[in-house]
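Novice: I have a structure here, written as structure tokens, and I will follow up with some questions on it.
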Amino acid sequence: MLEKNYNPKDFEEKIYADWEQSGDFKPDMRANKDNFAIVIPPPNVTGVLHMGHALDDTLQDILIRYNRMQGKNVLWQPGTDHAGIATQMVVERNLAKQGISRHDLGREKFIETVWKWKEQSGGTITKQLRRLGASCDWSRERFTMDEGLSRAVRKIFVNLYKDGLIYKAKKLVNWDSKFLTAISDLEVVQKETLGKMYYYKYPIEGEEGEFIHIATTRPETMFGDTAVAVSAKNEKLNHLIGKNCIIPIINKSIPIIADDHADPEKGTGAVKITPAHDFNDFEVGKRHNLPLVNILNPDATLNENTPYAGMTTLEAREKTIAKLTELGVMEKIEDHPMVIPYGDRSGVIIEPLMTDQWFVDAPTLAREAIRVVENGEMQFVPKSYEKTYFEWMRNIQPWCISRQLWWGHQMPIWYGPDEHIFCEENEEEAQAKADKFYGKHVELRRETDVLDTWFSSGLWAFSTLGWPDKSEYLDKFYPTSVLVTGFDIIFFWVARMMMMSMYAMKRIPFKKCYIHGLVRDEKGQKMSKSKGNTIDPMETIEKYGADALRFFMAAMETQGRDINMSESRIAGYRNFATKLWNAARFCEMNECKSIKDFDETSAKLAINKWIIAKAKLATKEVTDNLDAYRFSEAANAVYQFVWGTFCDWYIELSKPVFYGEDESQKAETRAVAAWVLDRILLILHPFMPFITTELWNNTATRDVKLIHAQWIKNETIDTNALTEIDWAIDLISSIRSLRAEMNIPAATKLVVKLKGANAQSQNSLKALENIICSLARLENIECVADNYAITPDMVQNVFKEATLLLPLKGVVDFSAERERLNKELANLNKNIEGYARKLSNASFVERAPAQVVEEEKRRQAEALANKEKIEEALARIANF
RNA sequence: GGGCGCUUAGCUCAGCUGGAAGAGCAUCUCGUUUACACCGAGAGGGUCGGGAGUUCGAACCUCUCAGCGCCCACCA
């Protein structure tokens with residue numbers, strides 16, 4: 001017995017526990033079937049589920065369940081990411097509350113603390129994924145710092161190193177002065193800020209009273225200047241090229257050089273060159289062999305190469321300006337809108353800094369990764385994202401992979417006494433190589449840097465499946481079927497997976513990459529903790545059920561667009577679940593038990609044949625749309641069928657049967673209703689796994705669990721079964737509409753005389769009389785002999801057939817109707833003119849497809865007939 | 001500067017191959033009826049951002065103008 005009220009909390013968690021305990025999420029490895037696999041984008045191990053995950057993982061679960069129901073061998077590979085900086089940051093913050101810094105603990109103790117934190121909070125997000133209904137194979141859960149995955153990381157690293165694709169270099173990198181580490185270009189966010197432009201002048205050496213005018217936004221970097229550049233084409237200034245100028249305050253002489261980096265149109269036309277602190281200047285410096293003067297400490301304070309050692313850049317800037325003013329070389333200060341780089345995690349200004357770092361030769365790795373997208377081996381859905389991908393990949397820069405952090409994969413690099421590098425998968429091998437290299441035992445020192453988190457994420461598609469070991473999972477499931485992720489992750493992850501997979505496996509990591517948008521708040525604003533506009537998916541689930549949230553995500557997911565949260569809409573989908581719940585109760589109350597191996601094609605009754613055809617059409621629609629990754633279309637197809645067709649019409653149409661006398665009709669209708677409900681649960685299951693399973697367990701008699709029930713493809717559909725009932729529905733709708741328009745009370749039973757009607761329609765009417773009278777609240781309906789026939793599409797709007805309906809009971813005011821008919825008539829006249837014009841257009845008649853012309857003629861004829869009828873109707877009601 | 005996308009009902013958005021404009025929510029009217037008021041029936045509401053072009057036919061294709069958003073790069 002179903003409870004009276006739909007209450008998802010009663011069963012959602014229970015059902016999930018059953019699935020997981022019964023091993024329903026595990027692939028059947030013995031079976032020789034088609035394989036389908038998705039690797040989950042690993043959430044941060046210590047994170048909590050947000051709406052972005054809810055979207056991402058709902059879409060994946062839909063695909064997973066849909067494919068599982070097609071009898072495929074399905075694996076959804078779950079796991080979490082160690083998220084280097086993010087996790088280290090959280091743990092450091094916790095320690096800070098106790099007044100402890102990571103340096104107090106030391107590296108080993110600190111890492112231990114992080115592991116403890118991981119043990120303690122690491123299960124949160126996976127629990128939340130379960131609550132959402134994600135049918136991952138949890139027995140295979142992986143973590144990027146697992147022994148197996150770490151081994152994969154070391155192996156790839158060593159291979160890349162030995163292939164010359166990883167190298168160490170002293171380069172200008174993005175330096176995060178809060179975390180004291182280098183970060184990659186992608187982890188830098190540019191922010192629009194209103195800054196200032198400072199204009200001042202450097203005296204020309206040996207020429208009293210001569211100056212070169214400089215403009216800069218960062219005067220404090222002048223102590224690192226090693227040249228001033230002027231374009232050779234700059235007529236006003238190029239006479240200074242070759243001379244020297246003096247940096248004030250420190251009185252250092254630097255050359256004035258010719259370089260086109262100095263745009264005569266910008267600033268003063270002369271640019272101070274600070275090669276150690278600016279990416280452009282670095283390039284200029286390389287071209288001219290300029291010395292590098294580093295003026296910053298790692299914490300972004302100025303160092304002893306400046307007069308202001310120990311000061312922050314802002315403090316030093318103040319000092320510098322004051323001093324320049326005092327020296328009389330300061331000219332002016334202007335407001336200047338500019339873009340300043342910040343660390344995406346630390347939020348501090350990122351300084352370009354010269355340091356030793358490790359790089360992956362991304363441009364080389366990108367070549368294969370580009371090729372397999374160009375030739376269509378890996379396809380983006382929507383396709384337009386491949387442009388974004390190409391754009392980035394074709395301009396890719398070496399990837400800085402070393403991080404001066406503690407939490408992460410420590411690089412498999414050892415240094416000998418003379419700094420000779422040994423790169424091996426483990427310490428023993430490195431030691432052996434070193435001993436051999438030096439001809440004696442030596443002490444090795446391991447590189448302390450760890451790898452960028454995305455290095456290990458890049459291996460995720462194959463490392464989780466068991467690589468570098470031989471693995472059945474790898475054989476069956478690699479390349480995986482599809483990767484589902486947000487557009488903001490294309491560069492961070494998709495691109496790197498492509499590069500790493502093409503390098504390590506020589507094969508693509510996934511055949512398709514489905515990219516979705518962001519989940520925003522109701523107003524379309526990006527959700528963020530700082531704005532306080534985040535919505536916790538767990539609270540939404542608590543309030544409306546996981547099914548409602550999932551359906552919302554699916555129904556809103558249209559390719560290439562962001563999703564705005566809408567509580568009213570989620571409520572709407574909870575209502576949808578309630579509706580289905582009540583429809584199932586209706587079936588239960590009328591003893592609609594599903595019959596094992598019921599042959600639905602044996603149904604005789606028109607309404608039953610009709611709903612069966614409709615159900616099959618809905619199935620096809622869902623199937624086609626899911627195959628094309630059109631989630632919203634698929635979801636809406638089920639929604640429309642369940643609510644608009646099954647509940648609104650079929651249940652109502654079945655009532656006269658259930659409340660009638662004919663037992664054989666009743667029996668058939670019971671079986672068919674049960675069959676349809678069964679079908680609904682089947683096609684709705686990927687979207688709403690909980691309610692469908694709960695109902696299935698209560699109503700279905702099939703001895704298979706819904707999660708494994710067979711999806712039905714390529715059925716034959718008896719579309720002829722649609723006509724009669726569709727006609728009746730149009731008729732009923734029209735009568736209802738007319739009744740409302742004419743203000744006839746619902747209680748008033750009408751007598752309807754249907755004028756015309758050919759033999760077939762008369763038969764239909766006879767057969768469906770009960771239904772039509774009951775649903776349209778009629779006393780009776782009868783056909784009146786006449787000279788024109790009724791076809792289903794003629795009854796689309798009864799107003800066009802106004803003479804068909806003559807209310808005999810109740811007082812009816814026709815004035816509104818008269819007005820309406822007159823309007824209709826005017827419209828019709830306009831249309832008739834239009835048709836005539838079109839049909840007399842020789843170009844149209846000759847060039848449009850014959851059927852289109854026919855259609856136009858048919859419409860013209862119809863319009864003319866309608867016109868006649870309306871005129872007739874007007875004449876009739878003239879007496880009222 | 002380069003790229004991508006958006007503009008359709010009051011709101012949020014669908015609309016796939018060019019063939020008589022759709023959904024949900026909101027609004028208004030009415031509710032006989034035992035699956036459901038988290039409901040039912042009905043209604044109103046659109047110059048598909050503006051303009052031009054291609055076509056027998058354009059929300060859809062082309063050009064153009066305007067507005068909005070995102071990504072990348074740069075800005076002394």
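Starting from 1 in every chain, residues are counted up; chains themselves are A, B, ... following the order of the structure tokens, and ligands are numbered from 1 as listed.
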List the neighbours of Phe631 of chain A out to 10 Å using only C-alpha atoms (C1' of nucleotides); skip same-chain residues closer than 5 positions along the sequence, and give me the result as a PDB file with N, CA and C atoms, in the first residue's frame.

Specialist:
ATOM      1  N   LEU A  59      23.791  14.958 -14.118  1.00  0.00           N
ATOM      2  CA  LEU A  59      23.882  14.647 -15.540  1.00  0.00           C
ATOM      3  C   LEU A  59      24.611  13.321 -15.754  1.00  0.00           C
ATOM      4  N   ILE A  62      22.404  10.419 -14.738  1.00  0.00           N
ATOM      5  CA  ILE A  62      21.371  10.157 -15.739  1.00  0.00           C
ATOM      6  C   ILE A  62      21.944   9.297 -16.861  1.00  0.00           C
ATOM      7  N   LEU A  63      23.114   9.695 -17.343  1.00  0.00           N
ATOM      8  CA  LEU A  63      23.737   8.923 -18.419  1.00  0.00           C
ATOM      9  C   LEU A  63      24.095   7.516 -17.952  1.00  0.00           C
ATOM     10  N   PHE A 551      15.659  16.446 -11.114  1.00  0.00           N
ATOM     11  CA  PHE A 551      14.842  16.717 -12.287  1.00  0.00           C
ATOM     12  C   PHE A 551      15.000  18.166 -12.727  1.00  0.00           C
ATOM     13  N   MET A 553      17.667  19.984 -12.425  1.00  0.00           N
ATOM     14  CA  MET A 553      18.948  20.116 -13.124  1.00  0.00           C
ATOM     15  C   MET A 553      18.827  19.615 -14.563  1.00  0.00           C
ATOM     16  N   ALA A 554      18.166  18.483 -14.717  1.00  0.00           N
ATOM     17  CA  ALA A 554      18.028  17.910 -16.055  1.00  0.00           C
ATOM     18  C   ALA A 554      17.156  18.804 -16.933  1.00  0.00           C
ATOM     19  N   ALA A 555      16.055  19.261 -16.367  1.00  0.00           N
ATOM     20  CA  ALA A 555      15.100  20.029 -17.162  1.00  0.00           C
ATOM     21  C   ALA A 555      15.673  21.386 -17.555  1.00  0.00           C
ATOM     22  N   MET A 556      16.598  21.904 -16.755  1.00  0.00           N
ATOM     23  CA  MET A 556      17.164  23.217 -17.033  1.00  0.00           C
ATOM     24  C   MET A 556      18.409  23.132 -17.904  1.00  0.00           C
ATOM     25  N   GLU A 557      18.940  21.940 -18.063  1.00  0.00           N
ATOM     26  CA  GLU A 557      20.216  21.808 -18.765  1.00  0.00           C
ATOM     27  C   GLU A 557      20.024  21.852 -20.279  1.00  0.00           C
ATOM     28  N   THR A 558      20.252  23.012 -20.842  1.00  0.00           N
ATOM     29  CA  THR A 558      20.257  23.108 -22.294  1.00  0.00           C
ATOM     30  C   THR A 558      21.665  23.472 -22.691  1.00  0.00           C
ATOM     31  N   GLN A 559      22.108  22.917 -23.786  1.00  0.00           N
ATOM     32  CA  GLN A 559      23.521  23.010 -24.147  1.00  0.00           C
ATOM     33  C   GLN A 559      23.993  24.451 -24.273  1.00  0.00           C
ATOM     34  N   VAL A 622      12.352  10.407 -25.319  1.00  0.00           N
ATOM     35  CA  VAL A 622      13.362  10.438 -24.258  1.00  0.00           C
ATOM     36  C   VAL A 622      14.650   9.803 -24.767  1.00  0.00           C
ATOM     37  N   ASN A 625      16.495  11.997 -27.343  1.00  0.00           N
ATOM     38  CA  ASN A 625      17.083  13.196 -26.749  1.00  0.00           C
ATOM     39  C   ASN A 625      18.259  12.869 -25.840  1.00  0.00           C
ATOM     40  N   LEU A 626      18.149  11.780 -25.102  1.00  0.00           N
ATOM     41  CA  LEU A 626      19.287  11.416 -24.253  1.00  0.00           C
ATOM     42  C   LEU A 626      20.476  11.003 -25.114  1.00  0.00           C
ATOM     43  N   ASN A 636      11.659  17.023 -20.353  1.00  0.00           N
ATOM     44  CA  ASN A 636      10.347  17.577 -20.647  1.00  0.00           C
ATOM     45  C   ASN A 636       9.438  16.570 -21.332  1.00  0.00           C
ATOM     46  N   ALA A 637      10.028  15.688 -22.114  1.00  0.00           N
ATOM     47  CA  ALA A 637       9.208  14.669 -22.771  1.00  0.00           C
ATOM     48  C   ALA A 637       8.546  13.759 -21.737  1.00  0.00           C
ATOM     49  N   PHE A 687      16.161  10.059 -14.305  1.00  0.00           N
ATOM     50  CA  PHE A 687      16.003  11.417 -13.785  1.00  0.00           C
ATOM     51  C   PHE A 687      15.612  11.401 -12.302  1.00  0.00           C
TER      52      PHE A 687
END

Novice: Quick one: residues within 12 Å of G67 of chain B, only C-alpha atoms (C1' of nucleotides) counted, chain neighbours fewer than 2 positions away excluded, as number ranges by chain?

Specialist: B: 6-7, 49-50, 65, 69

Novice: Would you write out those residues with all heavy atoms, as a compact mmCIF listing (two decimals), in the first residue's frame?

Specialist:
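What landed in part-v4.txt:
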# COMPACT_ATOMS: atom_id res chain seq x y z
P C B 6 23.81 31.76 -28.85
OP1 C B 6 22.92 30.61 -29.00
OP2 C B 6 24.25 32.54 -30.03
O5' C B 6 23.16 32.80 -27.83
C5' C B 6 22.67 32.37 -26.57
C4' C B 6 22.34 33.57 -25.73
O4' C B 6 23.49 34.45 -25.67
C3' C B 6 21.26 34.48 -26.30
O3' C B 6 19.97 33.97 -26.02
C2' C B 6 21.54 35.79 -25.59
O2' C B 6 21.06 35.77 -24.27
C1' C B 6 23.06 35.80 -25.55
N1 C B 6 23.68 36.60 -26.62
C2 C B 6 23.63 38.00 -26.50
O2 C B 6 23.04 38.50 -25.53
N3 C B 6 24.21 38.78 -27.46
C4 C B 6 24.83 38.20 -28.48
N4 C B 6 25.39 39.00 -29.39
C5 C B 6 24.89 36.78 -28.62
C6 C B 6 24.31 36.03 -27.68
P U B 7 18.79 34.27 -27.05
OP1 U B 7 17.67 33.42 -26.63
OP2 U B 7 19.29 34.23 -28.44
O5' U B 7 18.43 35.79 -26.73
C5' U B 7 18.03 36.17 -25.42
C4' U B 7 17.73 37.65 -25.39
O4' U B 7 18.92 38.36 -25.79
C3' U B 7 16.62 38.06 -26.35
O3' U B 7 15.70 38.94 -25.73
C2' U B 7 17.35 38.75 -27.49
O2' U B 7 16.62 39.80 -28.05
C1' U B 7 18.60 39.29 -26.80
N1 U B 7 19.72 39.41 -27.75
C2 U B 7 20.14 40.68 -28.12
O2 U B 7 19.66 41.71 -27.68
N3 U B 7 21.16 40.70 -29.03
C4 U B 7 21.78 39.61 -29.61
O4 U B 7 22.68 39.80 -30.42
C5 U B 7 21.28 38.33 -29.17
C6 U B 7 20.29 38.28 -28.29
P G B 49 14.61 38.69 -31.02
OP1 G B 49 15.16 38.39 -32.35
OP2 G B 49 15.17 38.12 -29.78
O5' G B 49 14.56 40.28 -30.89
C5' G B 49 13.91 40.89 -29.78
C4' G B 49 14.34 42.33 -29.71
O4' G B 49 15.69 42.39 -29.19
C3' G B 49 14.43 43.03 -31.06
O3' G B 49 13.18 43.48 -31.52
C2' G B 49 15.40 44.16 -30.75
O2' G B 49 14.79 45.19 -30.02
C1' G B 49 16.40 43.42 -29.85
N9 G B 49 17.46 42.80 -30.64
C8 G B 49 17.74 41.46 -30.75
N7 G B 49 18.75 41.20 -31.53
C5 G B 49 19.18 42.45 -31.96
C6 G B 49 20.23 42.81 -32.82
O6 G B 49 21.03 42.09 -33.41
N1 G B 49 20.31 44.20 -33.00
C2 G B 49 19.47 45.10 -32.41
N2 G B 49 19.70 46.38 -32.70
N3 G B 49 18.48 44.78 -31.61
C4 G B 49 18.38 43.44 -31.42
P G B 50 12.89 43.45 -33.10
OP1 G B 50 11.45 43.70 -33.28
OP2 G B 50 13.51 42.25 -33.71
O5' G B 50 13.69 44.74 -33.61
C5' G B 50 13.32 46.03 -33.15
C4' G B 50 14.15 47.07 -33.86
O4' G B 50 15.54 46.96 -33.45
C3' G B 50 14.23 46.93 -35.37
O3' G B 50 13.08 47.45 -36.02
C2' G B 50 15.49 47.72 -35.69
O2' G B 50 15.26 49.11 -35.62
C1' G B 50 16.38 47.28 -34.54
N9 G B 50 17.17 46.09 -34.90
C8 G B 50 16.97 44.80 -34.49
N7 G B 50 17.84 43.96 -35.00
C5 G B 50 18.65 44.75 -35.79
C6 G B 50 19.78 44.41 -36.59
O6 G B 50 20.30 43.31 -36.76
N1 G B 50 20.31 45.53 -37.23
C2 G B 50 19.82 46.80 -37.12
N2 G B 50 20.45 47.74 -37.82
N3 G B 50 18.78 47.14 -36.39
C4 G B 50 18.25 46.06 -35.75
P C B 65 28.24 47.22 -37.90
OP1 C B 65 29.41 48.11 -37.98
OP2 C B 65 28.39 45.85 -37.38
O5' C B 65 27.10 47.95 -37.06
C5' C B 65 26.59 49.23 -37.46
C4' C B 65 25.33 49.54 -36.69
O4' C B 65 24.27 48.62 -37.09
C3' C B 65 25.41 49.36 -35.19
O3' C B 65 26.05 50.44 -34.54
C2' C B 65 23.94 49.22 -34.82
O2' C B 65 23.28 50.47 -34.83
C1' C B 65 23.43 48.38 -35.98
N1 C B 65 23.47 46.93 -35.65
C2 C B 65 22.40 46.38 -34.92
O2 C B 65 21.48 47.14 -34.59
N3 C B 65 22.41 45.08 -34.61
C4 C B 65 23.44 44.31 -34.99
N4 C B 65 23.41 43.03 -34.66
C5 C B 65 24.53 44.84 -35.72
C6 C B 65 24.51 46.14 -36.03
P G B 69 27.21 43.33 -18.68
OP1 G B 69 27.24 43.64 -17.24
OP2 G B 69 28.07 44.08 -19.62
O5' G B 69 27.52 41.78 -18.89
C5' G B 69 26.86 40.83 -18.08
C4' G B 69 27.11 39.45 -18.61
O4' G B 69 26.73 39.36 -20.01
C3' G B 69 28.55 38.99 -18.64
O3' G B 69 29.03 38.63 -17.36
C2' G B 69 28.45 37.79 -19.58
O2' G B 69 27.84 36.69 -18.95
C1' G B 69 27.49 38.34 -20.64
N9 G B 69 28.22 38.89 -21.79
C8 G B 69 28.40 40.21 -22.14
N7 G B 69 29.10 40.36 -23.24
C5 G B 69 29.40 39.05 -23.63
C6 G B 69 30.13 38.56 -24.75
O6 G B 69 30.68 39.20 -25.65
N1 G B 69 30.19 37.17 -24.76
C2 G B 69 29.62 36.36 -23.83
N2 G B 69 29.79 35.04 -23.99
N3 G B 69 28.93 36.80 -22.78
C4 G B 69 28.86 38.14 -22.75

Novice: Can you pull out the residues contacting segment 463-469 of chain A? Cut-off 7 Å, using only C-alpha atoms (C1' of nucleotides), and skip same-chain residues under 3 positions away; I want them as a PyMOL selection string.

Specialist: chain A and resi 142+149+152+459-460+473-474

Novice: Within 12 Å of chain A, which residues of chain B are there when counting only C-alpha atoms (C1' of nucleotides)? Please give them as a count of residues only.

Specialist: 44

Novice: Please return as a list in words: the residues of segment 624-788 of chain A that backbone DSSP assigns to strand (DSSP E).

Specialist: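 Answer for segment 624-788 of chain A, restricted to strand (DSSP E): Leu750, Val751, Val752, Lys753, Leu754, Lys755, Leu778, Glu779, Asn780, Ile781, Glu782, Cys783 and Val784 of chain A.
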
Novice: Extract, using only C-alpha atoms (C1' of nucleotides), all DNA, RNA and protein residues at most 10 Å from Asp281 of chain A, discarding same-chain residues fewer than 2 positions from it, and format them as a ChimeraX atom specification.

Specialist: /A:225-227,229,261,271-279,283-287,290

Novice: Could you save the residues just selected, with N, CA and C atoms, as a short mmCIF file (atom, residue, chain, number, x, y, z; two decimals), in the first residue's frame?

Specialist:
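Here's the written file again-v4.cif:
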data_model
loop_
_atom_site.label_atom_id
_atom_site.label_comp_id
_atom_site.auth_asym_id
_atom_site.auth_seq_id
_atom_site.Cartn_x
_atom_site.Cartn_y
_atom_site.Cartn_z
N ASP A 225 65.33 48.32 -12.32
CA ASP A 225 65.49 48.70 -13.73
C ASP A 225 66.92 48.43 -14.20
N THR A 226 67.04 47.91 -15.41
CA THR A 226 68.38 47.74 -15.95
C THR A 226 68.51 48.40 -17.32
N ALA A 227 67.44 49.08 -17.73
CA ALA A 227 67.50 49.83 -18.98
C ALA A 227 66.26 50.69 -19.09
N ALA A 229 63.78 51.68 -22.43
CA ALA A 229 63.64 51.37 -23.85
C ALA A 229 62.87 52.46 -24.56
N HIS A 261 59.18 47.28 -28.12
CA HIS A 261 58.24 47.09 -27.02
C HIS A 261 57.73 48.46 -26.54
N VAL A 271 60.03 53.44 -21.86
CA VAL A 271 59.61 52.47 -20.85
C VAL A 271 60.80 52.04 -20.02
N LYS A 272 60.61 52.09 -18.70
CA LYS A 272 61.66 51.52 -17.83
C LYS A 272 61.58 50.01 -17.93
N ILE A 273 62.71 49.37 -17.99
CA ILE A 273 62.75 47.91 -18.18
C ILE A 273 63.23 47.26 -16.89
N THR A 274 62.33 46.41 -16.32
CA THR A 274 62.64 45.72 -15.07
C THR A 274 62.56 44.22 -15.35
N PRO A 275 63.59 43.64 -15.90
CA PRO A 275 63.48 42.27 -16.44
C PRO A 275 63.13 41.22 -15.39
N ALA A 276 63.47 41.48 -14.14
CA ALA A 276 63.23 40.44 -13.15
C ALA A 276 61.82 40.49 -12.57
N HIS A 277 61.00 41.47 -13.00
CA HIS A 277 59.69 41.61 -12.38
C HIS A 277 58.56 41.91 -13.34
N ASP A 278 58.79 41.65 -14.60
CA ASP A 278 57.73 41.89 -15.57
C ASP A 278 57.98 40.98 -16.76
N PHE A 279 56.90 40.30 -17.18
CA PHE A 279 57.07 39.29 -18.24
C PHE A 279 57.53 39.91 -19.56
N GLU A 283 61.41 39.61 -21.55
CA GLU A 283 61.69 39.33 -22.96
C GLU A 283 62.62 40.39 -23.55
N VAL A 284 62.36 41.64 -23.20
CA VAL A 284 63.22 42.73 -23.68
C VAL A 284 64.65 42.50 -23.18
N GLY A 285 64.72 42.14 -21.90
CA GLY A 285 66.03 41.90 -21.29
C GLY A 285 66.79 40.80 -22.01
N LYS A 286 66.05 39.75 -22.38
CA LYS A 286 66.70 38.65 -23.09
C LYS A 286 67.26 39.13 -24.43
N ARG A 287 66.46 39.95 -25.12
CA ARG A 287 66.88 40.45 -26.44
C ARG A 287 68.14 41.30 -26.33
N LEU A 290 70.30 42.08 -20.94
CA LEU A 290 70.33 42.95 -19.77
C LEU A 290 70.49 42.12 -18.50
#

Novice: Which is closer to Ile772 of chain A than all the others in A:Ile413, A:Ile732, A:Leu682, A:Val348, using only C-alpha atoms?

Specialist: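 Using only C-alpha atoms, the shortest distance to Ile772 of chain A belongs to A:Ile732.
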
Novice: Would you mind writing down, as JSON, numbers by chain, each residue of segment 130-161 of chain A that DSSP on the backbone assigns to helix (DSSP H, G or I)?

Specialist: {"A": [130, 131, 132, 138, 139, 140, 147, 148, 149, 150, 151, 152, 153, 154, 155, 156, 157, 158, 159, 160, 161]}

Novice: To one decimal place in Å, what is the distance between atom CA of Lys596 of chain A and atom CA of Thr719 of chain A?

Specialist: 24.8 Å

Novice: Name all residues at most 9 Å from segment 446-456 of chain A (count only C-alpha atoms (C1' of nucleotides); drop same-chain ones fewer than 3 positions away) and give them as number ranges by chain.

Specialist: A: 81-85, 144-145, 149-150, 152-153, 183-184, 357, 400-415, 427, 459-460, 463, 492-493, 496-497, 500

Novice: Which is closest to Asn770 of chain A among A:Glu663, A:Asp730, A:Asp299, A:Glu652, if we use only C-alpha atoms?

Specialist: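 Counting only C-alpha atoms, the residue closest to Asn770 of chain A is A:Glu652.
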